[in-house]
>>> print(open('data.cif').read())   # mmCIF, C-alpha atoms and all ligand atoms
data_data
#
loop_
_atom_site.label_atom_id
_atom_site.label_comp_id
_atom_site.auth_asym_id
_atom_site.auth_seq_id
_atom_site.Cartn_x
_atom_site.Cartn_y
_atom_site.Cartn_z
CA MET M 1 82.99 156.12 38.43
CA ASP M 2 84.68 152.74 38.15
CA THR M 3 82.23 149.84 37.84
CA THR M 4 84.59 147.00 38.74
CA LYS M 5 84.08 146.95 42.52
CA ARG M 6 80.81 146.14 44.24
CA ILE M 7 78.65 148.68 46.04
CA LEU M 8 77.12 147.73 49.39
CA ILE M 9 73.56 148.91 50.15
CA CYS M 10 72.23 148.56 53.72
CA GLY M 11 68.44 148.26 53.96
CA SER M 12 65.90 146.70 51.60
CA GLY M 13 63.02 149.10 52.13
CA VAL M 14 62.17 151.48 49.28
CA ALA M 15 65.33 153.56 48.82
CA GLY M 16 67.84 150.66 48.81
CA PRO M 17 66.30 148.48 46.08
CA THR M 18 65.46 151.54 43.93
CA CYS M 19 69.10 152.64 44.03
CA ALA M 20 70.21 149.06 43.26
CA TYR M 21 67.87 149.04 40.24
CA TRP M 22 69.47 152.15 38.73
CA LEU M 23 73.03 151.16 39.63
CA HIS M 24 72.55 147.84 37.87
CA LYS M 25 71.31 149.71 34.77
CA TYR M 26 74.58 151.66 34.80
CA GLY M 27 76.73 148.53 35.05
CA TYR M 28 77.44 148.32 38.80
CA SER M 29 77.20 145.19 40.98
CA THR M 30 75.38 145.65 44.26
CA VAL M 31 74.89 143.69 47.48
CA ILE M 32 71.90 144.55 49.69
CA VAL M 33 72.03 143.56 53.36
CA GLU M 34 68.74 143.66 55.29
CA LYS M 35 68.65 143.28 59.05
CA ALA M 36 65.21 141.64 59.11
CA ALA M 37 65.08 137.90 58.41
CA ALA M 38 62.76 138.47 55.42
CA LEU M 39 61.40 141.34 53.35
CA ARG M 40 59.32 143.56 55.66
CA ASP M 41 55.85 143.78 54.19
CA GLY M 42 54.19 145.94 56.85
CA GLY M 43 52.59 149.35 56.57
CA GLN M 44 49.63 151.12 55.06
CA ASN M 45 49.37 152.69 51.65
CA VAL M 46 52.33 154.82 50.64
CA ASP M 47 51.95 158.05 48.71
CA ILE M 48 53.71 158.01 45.38
CA LYS M 49 53.07 161.50 44.15
CA GLY M 50 54.82 164.13 42.09
CA ALA M 51 58.37 163.35 41.09
CA GLY M 52 58.13 159.93 42.80
CA GLN M 53 55.50 159.03 40.21
CA GLN M 54 57.94 159.98 37.43
CA VAL M 55 60.62 157.64 38.86
CA ILE M 56 58.06 154.81 38.90
CA GLU M 57 57.29 155.51 35.25
CA MET M 58 61.00 155.57 34.32
CA MET M 59 61.35 152.17 36.05
CA ALA M 60 58.33 150.92 34.03
CA LEU M 61 56.57 149.85 37.23
CA SER M 62 53.25 151.69 36.79
CA GLU M 63 51.43 148.60 35.53
CA LYS M 64 52.66 146.44 38.41
CA ILE M 65 51.55 149.08 40.88
CA GLU M 66 48.17 149.35 39.21
CA ALA M 67 47.83 145.55 39.45
CA ASN M 68 48.33 145.85 43.24
CA ASN M 69 46.05 148.88 43.63
CA THR M 70 44.11 148.63 46.89
CA GLN M 71 41.04 150.09 45.10
CA GLU M 72 40.50 152.49 47.97
CA ARG M 73 37.47 154.63 47.15
CA GLY M 74 38.27 157.56 49.39
CA GLN M 75 38.31 158.57 53.04
CA LYS M 76 35.54 158.97 55.61
CA TYR M 77 35.92 160.84 58.89
CA LEU M 78 33.96 159.29 61.77
CA ASP M 79 33.07 160.33 65.30
CA ALA M 80 33.87 158.09 68.28
CA ALA M 81 30.53 156.28 67.96
CA GLY M 82 31.24 155.46 64.30
CA ASN M 83 28.90 158.05 62.70
CA VAL M 84 30.15 159.54 59.42
CA ILE M 85 31.24 163.18 59.78
CA ALA M 86 32.62 163.84 56.29
CA VAL M 87 33.27 161.97 53.05
CA LEU M 88 36.26 162.71 50.78
CA PRO M 89 36.16 160.45 47.70
CA LYS M 90 39.29 159.69 45.64
CA GLY M 91 40.29 162.85 43.75
CA ALA M 92 38.78 165.19 46.37
CA LEU M 93 40.85 167.97 47.90
CA GLY M 94 42.39 166.80 51.20
CA THR M 95 41.68 163.07 50.81
CA LEU M 96 44.30 160.51 51.81
CA THR M 97 43.48 158.45 48.73
CA SER M 98 45.83 159.17 45.84
CA ASP M 99 46.01 158.07 42.20
CA PHE M 100 48.69 155.43 42.89
CA GLU M 101 47.33 153.41 45.82
CA ILE M 102 49.57 150.56 46.88
CA LEU M 103 50.39 149.05 50.27
CA ARG M 104 53.95 149.74 51.37
CA GLY M 105 54.57 146.00 51.72
CA ASP M 106 53.31 145.27 48.19
CA PHE M 107 55.44 148.10 46.87
CA ALA M 108 58.53 146.74 48.66
CA GLN M 109 57.73 143.36 47.08
CA VAL M 110 57.46 144.91 43.58
CA LEU M 111 60.86 146.58 44.05
CA PHE M 112 62.37 143.33 45.34
CA GLU M 113 61.02 141.36 42.36
CA SER M 114 62.44 143.96 39.96
CA THR M 115 65.94 143.70 41.44
CA LYS M 116 66.40 140.22 42.91
CA ASP M 117 67.97 138.72 39.76
CA ASP M 118 70.46 141.55 39.28
CA CYS M 119 71.56 142.26 42.82
CA GLU M 120 72.62 140.01 45.69
CA TYR M 121 70.21 140.15 48.66
CA ARG M 122 71.31 138.97 52.10
CA PHE M 123 68.55 138.87 54.71
CA GLY M 124 69.16 138.72 58.45
CA ARG M 125 72.48 140.51 57.97
CA PHE M 126 73.83 143.89 59.10
CA VAL M 127 77.08 145.85 59.30
CA THR M 128 78.99 145.93 62.60
CA ALA M 129 82.06 147.91 61.49
CA LEU M 130 83.28 149.97 58.54
CA GLU M 131 86.83 150.92 57.71
CA GLU M 132 87.73 153.36 54.97
CA LYS M 133 90.83 152.56 52.92
CA GLU M 134 92.61 154.43 50.16
CA ASP M 135 90.86 152.58 47.34
CA GLY M 136 87.65 151.38 48.99
CA ILE M 137 85.80 150.65 52.19
CA SER M 138 85.72 147.39 54.08
CA ALA M 139 82.59 146.25 55.89
CA THR M 140 82.43 143.71 58.69
CA PHE M 141 79.09 141.95 59.15
CA ASP M 142 77.36 140.43 62.17
CA ASN M 143 78.63 136.96 61.11
CA GLY M 144 82.21 138.24 61.60
CA LYS M 145 83.11 138.26 57.88
CA THR M 146 84.81 141.29 56.26
CA GLU M 147 84.48 142.27 52.59
CA ASP M 148 85.71 145.18 50.44
CA PHE M 149 83.42 147.54 48.54
CA GLU M 150 83.74 150.69 46.44
CA LEU M 151 81.03 152.54 48.40
CA VAL M 152 78.50 151.94 51.17
CA ILE M 153 74.98 153.34 50.72
CA CYS M 154 73.05 153.44 53.97
CA ALA M 155 69.27 153.18 53.38
CA GLU M 156 68.28 151.75 56.76
CA GLY M 157 65.34 154.02 57.51
CA ILE M 158 64.85 156.41 60.42
CA ASN M 159 66.50 154.28 63.13
CA SER M 160 69.62 153.39 61.14
CA SER M 161 72.32 151.86 63.33
CA THR M 162 75.08 152.06 60.69
CA ARG M 163 74.44 155.80 60.31
CA ASP M 164 74.67 156.18 64.08
CA MET M 165 77.95 154.26 64.09
CA LEU M 166 79.56 156.69 61.62
CA MET M 167 77.59 159.92 61.59
CA ALA M 168 75.82 160.29 64.94
CA ALA M 169 77.47 163.69 65.45
CA GLN M 170 76.08 164.95 62.13
CA THR M 171 72.52 163.67 62.71
CA ARG M 172 69.77 165.52 64.52
CA PHE M 173 66.25 164.28 65.24
CA ARG M 174 63.46 166.84 65.26
CA TYR M 175 60.76 165.36 67.48
CA LEU M 176 57.28 166.53 66.49
CA GLY M 177 55.51 165.70 69.75
CA ALA M 178 53.72 162.47 68.80
CA TYR M 179 54.27 158.74 68.47
CA MET M 180 53.22 156.71 65.44
CA ALA M 181 52.53 153.07 64.68
CA PHE M 182 51.73 151.29 61.41
CA PHE M 183 50.64 147.64 61.46
CA LYS M 184 48.04 145.16 60.18
CA ILE M 185 45.05 143.56 61.91
CA PRO M 186 42.71 140.81 60.70
CA ARG M 187 40.15 142.01 58.16
CA ARG M 188 36.49 141.84 59.16
CA GLU M 189 33.42 141.36 57.03
CA GLU M 190 32.32 144.97 57.54
CA ASP M 191 35.63 146.32 56.16
CA ASP M 192 34.98 147.84 52.73
CA ARG M 193 37.18 149.78 50.29
CA TRP M 194 37.09 153.08 52.23
CA ALA M 195 39.67 154.55 54.62
CA TYR M 196 38.18 155.48 58.02
CA THR M 197 39.69 158.14 60.25
CA VAL M 198 38.68 159.05 63.80
CA ASN M 199 40.01 161.61 66.28
CA GLY M 200 40.04 160.40 69.89
CA ILE M 201 40.06 162.37 73.09
CA GLY M 202 43.56 163.14 74.47
CA GLY M 203 45.09 163.55 71.01
CA THR M 204 44.77 160.12 69.40
CA PHE M 205 44.35 159.83 65.63
CA ILE M 206 43.42 156.46 64.07
CA THR M 207 43.06 155.51 60.41
CA LEU M 208 41.99 152.09 59.12
CA ARG M 209 42.55 151.41 55.42
CA PRO M 210 41.78 148.52 53.11
CA GLY M 211 44.69 146.06 52.90
CA ASN M 212 44.43 142.64 51.28
CA GLU M 213 41.78 139.91 51.54
CA LYS M 214 42.93 138.94 55.01
CA GLU M 215 44.20 142.17 56.57
CA THR M 216 43.20 145.74 57.28
CA THR M 217 45.98 148.28 57.84
CA VAL M 218 46.16 150.62 60.81
CA LEU M 219 47.85 153.94 61.46
CA ILE M 220 47.76 155.30 65.00
CA THR M 221 49.41 158.52 66.04
CA PHE M 222 49.09 160.04 69.50
CA LEU M 223 50.49 163.04 71.31
CA ARG M 224 53.26 162.37 73.79
CA ARG M 225 55.43 165.03 75.34
CA ASP M 226 58.60 162.96 75.75
CA HIS M 227 60.21 160.68 73.25
CA ASP M 228 61.78 158.43 75.81
CA MET M 229 61.98 154.78 74.82
CA PHE M 230 60.12 152.79 77.44
CA GLY M 231 61.62 149.31 76.98
CA ASP M 232 61.18 148.93 73.23
CA THR M 233 59.74 145.42 72.92
CA PRO M 234 56.51 144.29 71.18
CA ALA M 235 54.92 143.95 74.64
CA ALA M 236 55.94 147.51 75.61
CA ARG M 237 54.62 148.80 72.29
CA ARG M 238 51.29 147.05 72.82
CA ARG M 239 51.07 148.52 76.33
CA LEU M 240 51.67 152.07 75.11
CA LEU M 241 49.21 151.66 72.25
CA ARG M 242 46.53 150.25 74.56
CA GLN M 243 46.90 153.32 76.79
CA ALA M 244 46.44 155.58 73.75
CA LEU M 245 43.38 153.62 72.55
CA ASP M 246 41.59 153.15 75.84
CA GLY M 247 38.19 154.92 75.90
CA ARG M 248 38.60 156.33 72.36
CA GLY M 249 35.49 154.74 70.82
CA ALA M 250 34.42 151.80 68.70
CA ILE M 251 37.31 151.69 66.19
CA ALA M 252 39.88 152.11 68.96
CA ASP M 253 38.30 149.21 70.90
CA ARG M 254 38.49 146.98 67.85
CA VAL M 255 42.17 147.78 67.22
CA SER M 256 43.02 147.31 70.89
CA ALA M 257 41.33 143.88 70.91
CA ASP M 258 43.39 142.82 67.87
CA LEU M 259 46.78 144.04 69.11
CA ASP M 260 47.88 140.61 70.32
CA THR M 261 47.87 139.37 66.70
CA VAL M 262 50.50 141.98 65.68
CA ASP M 263 54.23 141.21 65.54
CA ASP M 264 55.75 143.61 62.98
CA PHE M 265 55.09 147.16 64.21
CA TYR M 266 56.60 150.14 62.43
CA PHE M 267 56.64 152.14 65.63
CA GLY M 268 58.37 155.03 67.33
CA PRO M 269 58.58 158.75 67.98
CA MET M 270 57.43 160.85 65.03
CA SER M 271 60.70 162.60 64.25
CA GLN M 272 62.33 164.12 61.23
CA VAL M 273 65.94 163.25 60.45
CA GLN M 274 68.01 166.34 59.75
CA ALA M 275 71.61 165.44 58.94
CA SER M 276 74.04 168.35 58.53
CA THR M 277 75.78 166.39 55.77
CA TRP M 278 74.75 163.18 53.99
CA SER M 279 78.12 161.55 53.44
CA LYS M 280 81.43 160.80 55.02
CA GLY M 281 84.21 159.52 52.79
CA ARG M 282 82.84 156.53 50.87
CA PHE M 283 79.75 156.25 53.07
CA VAL M 284 76.51 157.97 52.03
CA LEU M 285 73.01 158.25 53.52
CA LEU M 286 69.88 157.72 51.45
CA GLY M 287 66.11 157.89 52.11
CA ASP M 288 64.70 158.14 55.64
CA ALA M 289 68.16 157.48 57.12
CA ALA M 290 69.24 160.87 55.72
CA PHE M 291 66.11 163.00 55.66
CA CYS M 292 62.99 161.27 57.00
CA PRO M 293 60.17 163.83 56.68
CA THR M 294 57.72 161.55 58.65
CA PRO M 295 54.66 159.83 57.18
CA PHE M 296 52.37 162.82 57.86
CA THR M 297 53.99 164.75 55.01
CA GLY M 298 53.05 161.88 52.66
CA LYS M 299 56.47 162.46 51.06
CA GLY M 300 58.84 159.85 52.54
CA THR M 301 58.45 157.32 49.75
CA ALA M 302 58.53 159.87 46.92
CA LEU M 303 61.69 161.44 48.37
CA ALA M 304 63.32 158.02 48.68
CA LEU M 305 62.54 157.21 45.03
CA VAL M 306 63.79 160.55 43.71
CA ALA M 307 66.95 160.50 45.86
CA ALA M 308 67.79 156.91 44.85
CA TYR M 309 67.54 157.86 41.17
CA VAL M 310 69.71 160.96 41.61
CA LEU M 311 72.34 159.22 43.76
CA ALA M 312 72.75 156.35 41.28
CA GLY M 313 72.92 158.81 38.37
CA GLU M 314 75.56 160.98 40.04
CA ILE M 315 77.64 157.91 40.93
CA LYS M 316 77.55 156.99 37.26
CA ARG M 317 78.46 160.35 35.81
CA SER M 318 80.97 161.66 38.39
CA ALA M 319 84.73 161.26 38.32
CA ASP M 320 84.84 160.09 41.95
CA HIS M 321 82.65 159.49 44.98
CA SER M 322 83.34 162.91 46.59
CA GLN M 323 81.99 164.69 43.54
CA ALA M 324 79.03 162.29 43.21
CA PHE M 325 77.95 162.72 46.85
CA ALA M 326 78.41 166.51 46.78
CA VAL M 327 76.23 166.95 43.69
CA TYR M 328 73.63 164.46 45.02
CA GLU M 329 73.29 166.53 48.19
CA ARG M 330 73.29 169.88 46.38
CA LEU M 331 70.51 168.79 44.02
CA LEU M 332 68.32 167.16 46.67
CA ARG M 333 68.69 169.23 49.82
CA PRO M 334 66.34 172.13 48.86
CA TYR M 335 63.65 169.66 47.72
CA VAL M 336 63.95 167.63 50.92
CA GLU M 337 63.96 170.65 53.22
CA ALA M 338 60.83 172.06 51.57
CA SER M 339 59.04 168.75 52.31
CA GLN M 340 60.18 168.71 55.93
CA LYS M 341 59.02 172.29 56.47
CA GLN M 342 55.42 171.26 55.72
CA LEU M 343 55.26 169.80 59.22
CA ASN M 344 55.95 171.21 62.67
CA PRO M 345 54.85 170.40 66.25
CA ARG M 346 52.08 173.05 66.08
CA ARG M 347 50.55 171.44 62.99
CA ILE M 348 50.76 168.02 64.66
CA ARG M 349 48.88 169.37 67.71
CA LEU M 350 46.20 170.79 65.39
CA ILE M 351 45.66 167.39 63.75
CA HIS M 352 45.45 165.79 67.23
CA PRO M 353 42.87 167.76 69.26
CA ARG M 354 42.85 166.74 72.94
CA SER M 355 39.55 168.00 74.31
CA GLY M 356 35.91 167.38 73.43
CA CYS M 357 35.70 171.00 72.28
CA GLY M 358 38.80 170.59 70.06
CA ILE M 359 37.31 167.46 68.49
CA TYR M 360 34.00 169.27 67.90
CA LEU M 361 35.86 172.07 66.04
CA THR M 362 37.85 169.47 64.08
CA HIS M 363 34.60 167.82 62.96
CA LEU M 364 33.34 171.22 61.76
CA ALA M 365 36.57 171.71 59.77
CA GLN M 366 36.28 168.19 58.30
CA ARG M 367 32.67 168.90 57.23
CA LEU M 368 33.72 172.21 55.68
CA LEU M 369 36.58 170.56 53.77
CA ALA M 370 34.20 167.95 52.35
CA SER M 371 31.52 170.50 51.42
CA GLN M 372 30.68 171.02 47.76
CA ALA M 373 31.47 174.73 48.01
CA VAL M 374 35.06 174.13 49.13
CA GLN M 375 35.62 171.19 46.82
CA ARG M 376 34.28 173.03 43.77
CA ARG M 377 36.33 176.14 44.50
CA PHE M 378 39.69 174.59 45.48
CA ARG M 379 39.98 171.03 44.13
CA PRO M 380 42.75 170.90 41.49
CA SER M 381 41.74 169.38 38.15
CA ALA M 382 43.39 166.17 36.90
CA ALA M 383 45.33 168.28 34.36
CA LYS M 384 46.59 170.61 37.10
CA ARG M 385 47.62 167.61 39.25
CA ALA M 386 49.59 166.22 36.29
CA ARG M 387 51.28 169.61 35.74
CA MET M 388 52.20 169.84 39.44
CA ALA M 389 53.71 166.33 39.28
CA ALA M 390 55.81 167.26 36.24
CA ASP M 391 57.08 170.49 37.88
CA ASP M 392 57.79 168.89 41.27
CA PHE M 393 61.47 168.11 40.60
CA LEU M 394 63.53 168.56 37.45
CA PHE M 395 65.47 165.37 36.73
CA ALA M 396 68.77 165.19 34.90
CA ASP M 397 68.98 162.55 32.18
CA TYR M 398 71.62 160.01 33.27
CA SER M 399 71.09 157.50 30.46
C1 LIG F 1 57.64 147.83 58.11
C2 LIG F 1 57.51 149.27 57.63
C3 LIG F 1 56.24 149.83 57.49
C4 LIG F 1 56.10 151.16 57.06
N1 LIG F 1 54.85 151.66 56.86
C5 LIG F 1 54.69 152.89 56.36
C6 LIG F 1 53.39 153.41 56.06
O1 LIG F 1 52.40 152.73 56.22
N2 LIG F 1 53.27 154.67 55.57
C7 LIG F 1 54.37 155.45 55.36
O2 LIG F 1 54.21 156.60 54.91
N3 LIG F 1 55.61 154.99 55.60
C8 LIG F 1 55.80 153.74 56.09
N4 LIG F 1 57.06 153.25 56.34
C9 LIG F 1 58.20 154.15 56.06
C10 LIG F 1 58.45 154.28 54.56
O3 LIG F 1 58.71 153.03 53.99
C11 LIG F 1 59.63 155.22 54.36
O4 LIG F 1 59.32 156.48 54.96
C12 LIG F 1 59.96 155.57 52.92
O5 LIG F 1 59.47 154.68 51.99
C13 LIG F 1 61.48 155.69 52.76
O6 LIG F 1 62.02 154.39 52.65
P1 LIG F 1 63.45 153.93 53.15
O7 LIG F 1 63.83 152.82 52.25
O8 LIG F 1 64.34 155.09 53.31
O9 LIG F 1 63.20 153.39 54.65
P2 LIG F 1 62.36 152.11 55.14
O10 LIG F 1 61.23 151.82 54.24
O11 LIG F 1 62.09 152.35 56.57
O12 LIG F 1 63.38 150.86 54.97
C14 LIG F 1 64.55 150.70 55.73
C15 LIG F 1 64.94 149.22 55.70
O13 LIG F 1 66.21 149.08 56.33
C16 LIG F 1 66.17 147.97 57.23
N5 LIG F 1 67.19 148.17 58.25
C17 LIG F 1 67.11 148.89 59.41
N6 LIG F 1 68.28 148.86 60.07
C18 LIG F 1 69.13 148.10 59.31
C19 LIG F 1 70.50 147.71 59.46
N7 LIG F 1 71.23 148.11 60.51
N8 LIG F 1 71.05 146.93 58.50
C20 LIG F 1 70.32 146.53 57.41
N9 LIG F 1 69.01 146.86 57.24
C21 LIG F 1 68.44 147.66 58.15
C22 LIG F 1 64.75 147.98 57.74
O14 LIG F 1 64.37 146.71 58.29
C23 LIG F 1 63.97 148.33 56.48
O15 LIG F 1 63.67 147.19 55.72
C24 LIG F 1 57.26 151.95 56.76
C25 LIG F 1 58.52 151.37 56.92
C26 LIG F 1 58.67 150.05 57.33
C27 LIG F 1 60.06 149.44 57.47
#
>>> encode(input="data.cif", output="structure tokens")
Amino acid sequence: MDTTKRILICGSGVAGPTCAYWLHKYGYSTVIVEKAAALRDGGQNVDIKGAGQQVIEMMALSEKIEANNTQERGQKYLDAAGNVIAVLPKGALGTLTSDFEILRGDFAQVLFESTKDDCEYRFGRFVTALEEKEDGISATFDNGKTEDFELVICAEGINSSTRDMLMAAQTRFRYLGAYMAFFKIPRREEDDRWAYTVNGIGGTFITLRPGNEKETTVLITFLRRDHDMFGDTPAARRRLLRQALDGRGAIADRVSADLDTVDDFYFGPMSQVQASTWSKGRFVLLGDAAFCPTPFTGKGTALALVAAYVLAGEIKRSADHSQAFAVYERLLRPYVEASQKQLNPRRIRLIHPRSGCGIYLTHLAQRLLASQAVQRRFRPSAAKRARMAADDFLFADYS
């Protein structure tokens, strides 16, 4: 496709900058608009497994990621009083801790640093209207200005407003029956390099993970029948989280006490995005905006990386945008749908036992998972993990 006109990318999370990186390599100029006033550096560790790892290697970012490694040693399951139920060191079957351990915010920063000289970033900016023309698409921004682009790539994450402006009818949310929140709290002296997970009564699931020298990262998920929004302000979020944490033990009390220090919550209903098509004319969806699998699959970031690579490559090698978007969707859809299928409301309920009896059974399962017998029998070797990563997705060579 023609490289003379600029491509607009909405969203500077993971998918947007990755796509900008590859488009620049192929000779395109890109503009990234990000609604937030600055790069959002929130979140816990993100999983970069399988094919996502290969994209990182192709971008020559492995060393930078290793330099930001959180050095997490593994995961410990606790009971409400803080006693250790099970220990899953790095490399164990079923542990959260993966080979590439980086905080989402640090990863977003690495991607930003790798693209900021070759792509124009505009923070605190978003699209208010789009109009398709014969030879391009014009975008109007919140400052009232209108500019012409060749294409618009929408990588705004799960709650994308530009997607909803153009493709609400094609987008379905599959609610999984729980809410989720990622944020950071002040680090305490007792925080070490382990991740700690505790199941609370009523279906609350809390994980604390090592962040940086000053902060510890938090993931809270909790069952909730309805996904009504309840006045979506930081104060309303704190209120809902406090309800979910109340009476759930020592770790929950600590998080609840620190909630007033939190401003940037990644928060909302745990839903998958299932769009019946990923493009409309010169407008295309990418990353969570198109196919959010939810953080519990551990696949959102890897999918975003793989999809950004494929979309940029197909834009480069196709005769026009219709062909590029059609091939992008045909190549990715089976991979994406397989990831989404890993999770369903029943599985979410299993991970979030409500009663004392359910939590007791969960502790037994956690002990069994961590036992030497299970680990020896089922843990994949490093060589097998590498083979699985290589077979995860077969990339075309766009160079
Ligand atoms: C602050 C934050 C913390 C997160 N923490 C975790 C985590 O700990 N673990 C995990 O597995 N996943 C986390 N995620 C989600 C994870 O980043 C994504 O699932 C995955 O990496 C796919 O990335 P994405 O670029 O598609 O979406 P995202 O990473 O969600 O990025 C979307 C970007 O678009 C911006 N945006 C939204 N609306 C607009 C608009 N209208 N115009 C312009 N920009 C817009 C957002 O501010 C954001 O920067 C987090 C996301 C965010 C934003």
>>> closest_residue(input="data.cif", among="M:Thr115, M:Gln54, M:Thr261, M:Thr277", to="Leu394 in chain M", atoms="all atoms listed in the file")
M:Gln54
>>> residues_near_point(input="data.cif", point="(78.2, 157.7, 58.3)", cutoff="6 Å", atoms="all atoms listed in the file", output="list in words")
Arg163, Leu166, Met167, Lys280 and Phe283 of chain M
>>> atom_distance(input="data.cif", atom1="CA of Ser399 in chain M", atom2="CA of Val310 in chain M")
11.8 Å
>>> closest_residue(input="data.cif", among="M:Trp278, M:Phe265, M:Tyr77, M:Phe291", to="Gly43 in chain M", atoms="all atoms listed in the file")
M:Phe265
>>> residues_near_point(input="data.cif", point="(40.6, 147.3, 47.7)", cutoff="12 Å", atoms="only C-alpha atoms", output="VMD selection string")
chain M and resid 45 66 to 74 97 101 to 103 187 191 to 195 209 to 217
>>> closest_residue(input="data.cif", among="M:Glu132, M:Leu151, M:Leu78, M:Glu113", to="Leu364 in chain M", atoms="all atoms listed in the file")
M:Leu78
>>> closest_residue(input="data.cif", among="M:Lys133, M:Arg122, M:Lys35, M:Arg239", to="ligand LIG 1 (chain F)", atoms="all atoms listed in the file")
M:Lys35
>>> closest_residue(input="data.cif", among="M:Asp148, M:Glu34, M:Asp226, M:Asp246", to="ligand LIG 1 (chain F)", atoms="only C-alpha atoms and all ligand atoms")
M:Glu34
>>> residues_near_ligand(input="data.cif", ligand="ligand LIG 1 (chain F)", cutoff="7 Å", atoms="only C-alpha atoms and all ligand atoms", output="PyMOL selection string")
chain M and resi 10-16+33-36+39-47+104+125-127+155-162+182+264-266+286-289+292+294-295+298+300-301+304
>>> write_last_selection(input="data.cif", atoms="C-alpha atoms", output="mmCIF file, in the frame of the given file")
data_model
loop_
_atom_site.group_PDB
_atom_site.id
_atom_site.type_symbol
_atom_site.label_atom_id
_atom_site.label_comp_id
_atom_site.auth_asym_id
_atom_site.auth_seq_id
_atom_site.Cartn_x
_atom_site.Cartn_y
_atom_site.Cartn_z
ATOM 1 C CA CYS M 10 72.230 148.560 53.720
ATOM 2 C CA GLY M 11 68.440 148.260 53.960
ATOM 3 C CA SER M 12 65.900 146.700 51.600
ATOM 4 C CA GLY M 13 63.020 149.100 52.130
ATOM 5 C CA VAL M 14 62.170 151.480 49.280
ATOM 6 C CA ALA M 15 65.330 153.560 48.820
ATOM 7 C CA GLY M 16 67.840 150.660 48.810
ATOM 8 C CA VAL M 33 72.030 143.560 53.360
ATOM 9 C CA GLU M 34 68.740 143.660 55.290
ATOM 10 C CA LYS M 35 68.650 143.280 59.050
ATOM 11 C CA ALA M 36 65.210 141.640 59.110
ATOM 12 C CA LEU M 39 61.400 141.340 53.350
ATOM 13 C CA ARG M 40 59.320 143.560 55.660
ATOM 14 C CA ASP M 41 55.850 143.780 54.190
ATOM 15 C CA GLY M 42 54.190 145.940 56.850
ATOM 16 C CA GLY M 43 52.590 149.350 56.570
ATOM 17 C CA GLN M 44 49.630 151.120 55.060
ATOM 18 C CA ASN M 45 49.370 152.690 51.650
ATOM 19 C CA VAL M 46 52.330 154.820 50.640
ATOM 20 C CA ASP M 47 51.950 158.050 48.710
ATOM 21 C CA ARG M 104 53.950 149.740 51.370
ATOM 22 C CA ARG M 125 72.480 140.510 57.970
ATOM 23 C CA PHE M 126 73.830 143.890 59.100
ATOM 24 C CA VAL M 127 77.080 145.850 59.300
ATOM 25 C CA ALA M 155 69.270 153.180 53.380
ATOM 26 C CA GLU M 156 68.280 151.750 56.760
ATOM 27 C CA GLY M 157 65.340 154.020 57.510
ATOM 28 C CA ILE M 158 64.850 156.410 60.420
ATOM 29 C CA ASN M 159 66.500 154.280 63.130
ATOM 30 C CA SER M 160 69.620 153.390 61.140
ATOM 31 C CA SER M 161 72.320 151.860 63.330
ATOM 32 C CA THR M 162 75.080 152.060 60.690
ATOM 33 C CA PHE M 182 51.730 151.290 61.410
ATOM 34 C CA ASP M 264 55.750 143.610 62.980
ATOM 35 C CA PHE M 265 55.090 147.160 64.210
ATOM 36 C CA TYR M 266 56.600 150.140 62.430
ATOM 37 C CA LEU M 286 69.880 157.720 51.450
ATOM 38 C CA GLY M 287 66.110 157.890 52.110
ATOM 39 C CA ASP M 288 64.700 158.140 55.640
ATOM 40 C CA ALA M 289 68.160 157.480 57.120
ATOM 41 C CA CYS M 292 62.990 161.270 57.000
ATOM 42 C CA THR M 294 57.720 161.550 58.650
ATOM 43 C CA PRO M 295 54.660 159.830 57.180
ATOM 44 C CA GLY M 298 53.050 161.880 52.660
ATOM 45 C CA GLY M 300 58.840 159.850 52.540
ATOM 46 C CA THR M 301 58.450 157.320 49.750
ATOM 47 C CA ALA M 304 63.320 158.020 48.680
#
>>> residues_around(input="data.cif", residues="Ala290 in chain M", least_positions_apart="6", cutoff="7 Å", atoms="all atoms listed in the file", output="list in words")
Val273, Gln274, Ala275 and Trp278 of chain M
>>> closest_residue(input="data.cif", among="M:Thr140, M:Thr221, M:Asn344, M:Gln372", to="Tyr179 in chain M", atoms="only C-alpha atoms")
M:Thr221
>>> atom_distance(input="data.cif", atom1="CA of Ala236 in chain M", atom2="CA of Met270 in chain M")
17.1 Å
>>> atom_distance(input="data.cif", atom1="CA of Val152 in chain M", atom2="CA of Arg282 in chain M")
6.3 Å
>>> residues_around(input="data.cif", residues="range 379-387 of chain M", least_positions_apart="5", cutoff="8 Å", atoms="only C-alpha atoms", output="PDB file with C-alpha atoms, in the frame of the given file")
ATOM      1  CA  ALA M  92      38.780 165.190  46.370  1.00  0.00           C
ATOM      2  CA  LEU M  93      40.850 167.970  47.900  1.00  0.00           C
ATOM      3  CA  VAL M 374      35.060 174.130  49.130  1.00  0.00           C
TER       4      VAL M 374
END
>>> residues_around(input="data.cif", residues="Cys119 in chain M", least_positions_apart="3", cutoff="8 Å", atoms="only C-alpha atoms", output="list of chain:residue names")
M:Ala20, M:His24, M:Ser29, M:Thr30, M:Val31, M:Ile32, M:Thr115, M:Lys116
>>> axis_aligned_box(input="data.cif", around="range 328-345 of chain M", padding_each_side="6 Å", output="AutoDock Vina command-line options")
--center_x 64.2 --center_y 168.4 --center_z 55.1 --size_x 30.8 --size_y 19.8 --size_z 34.2
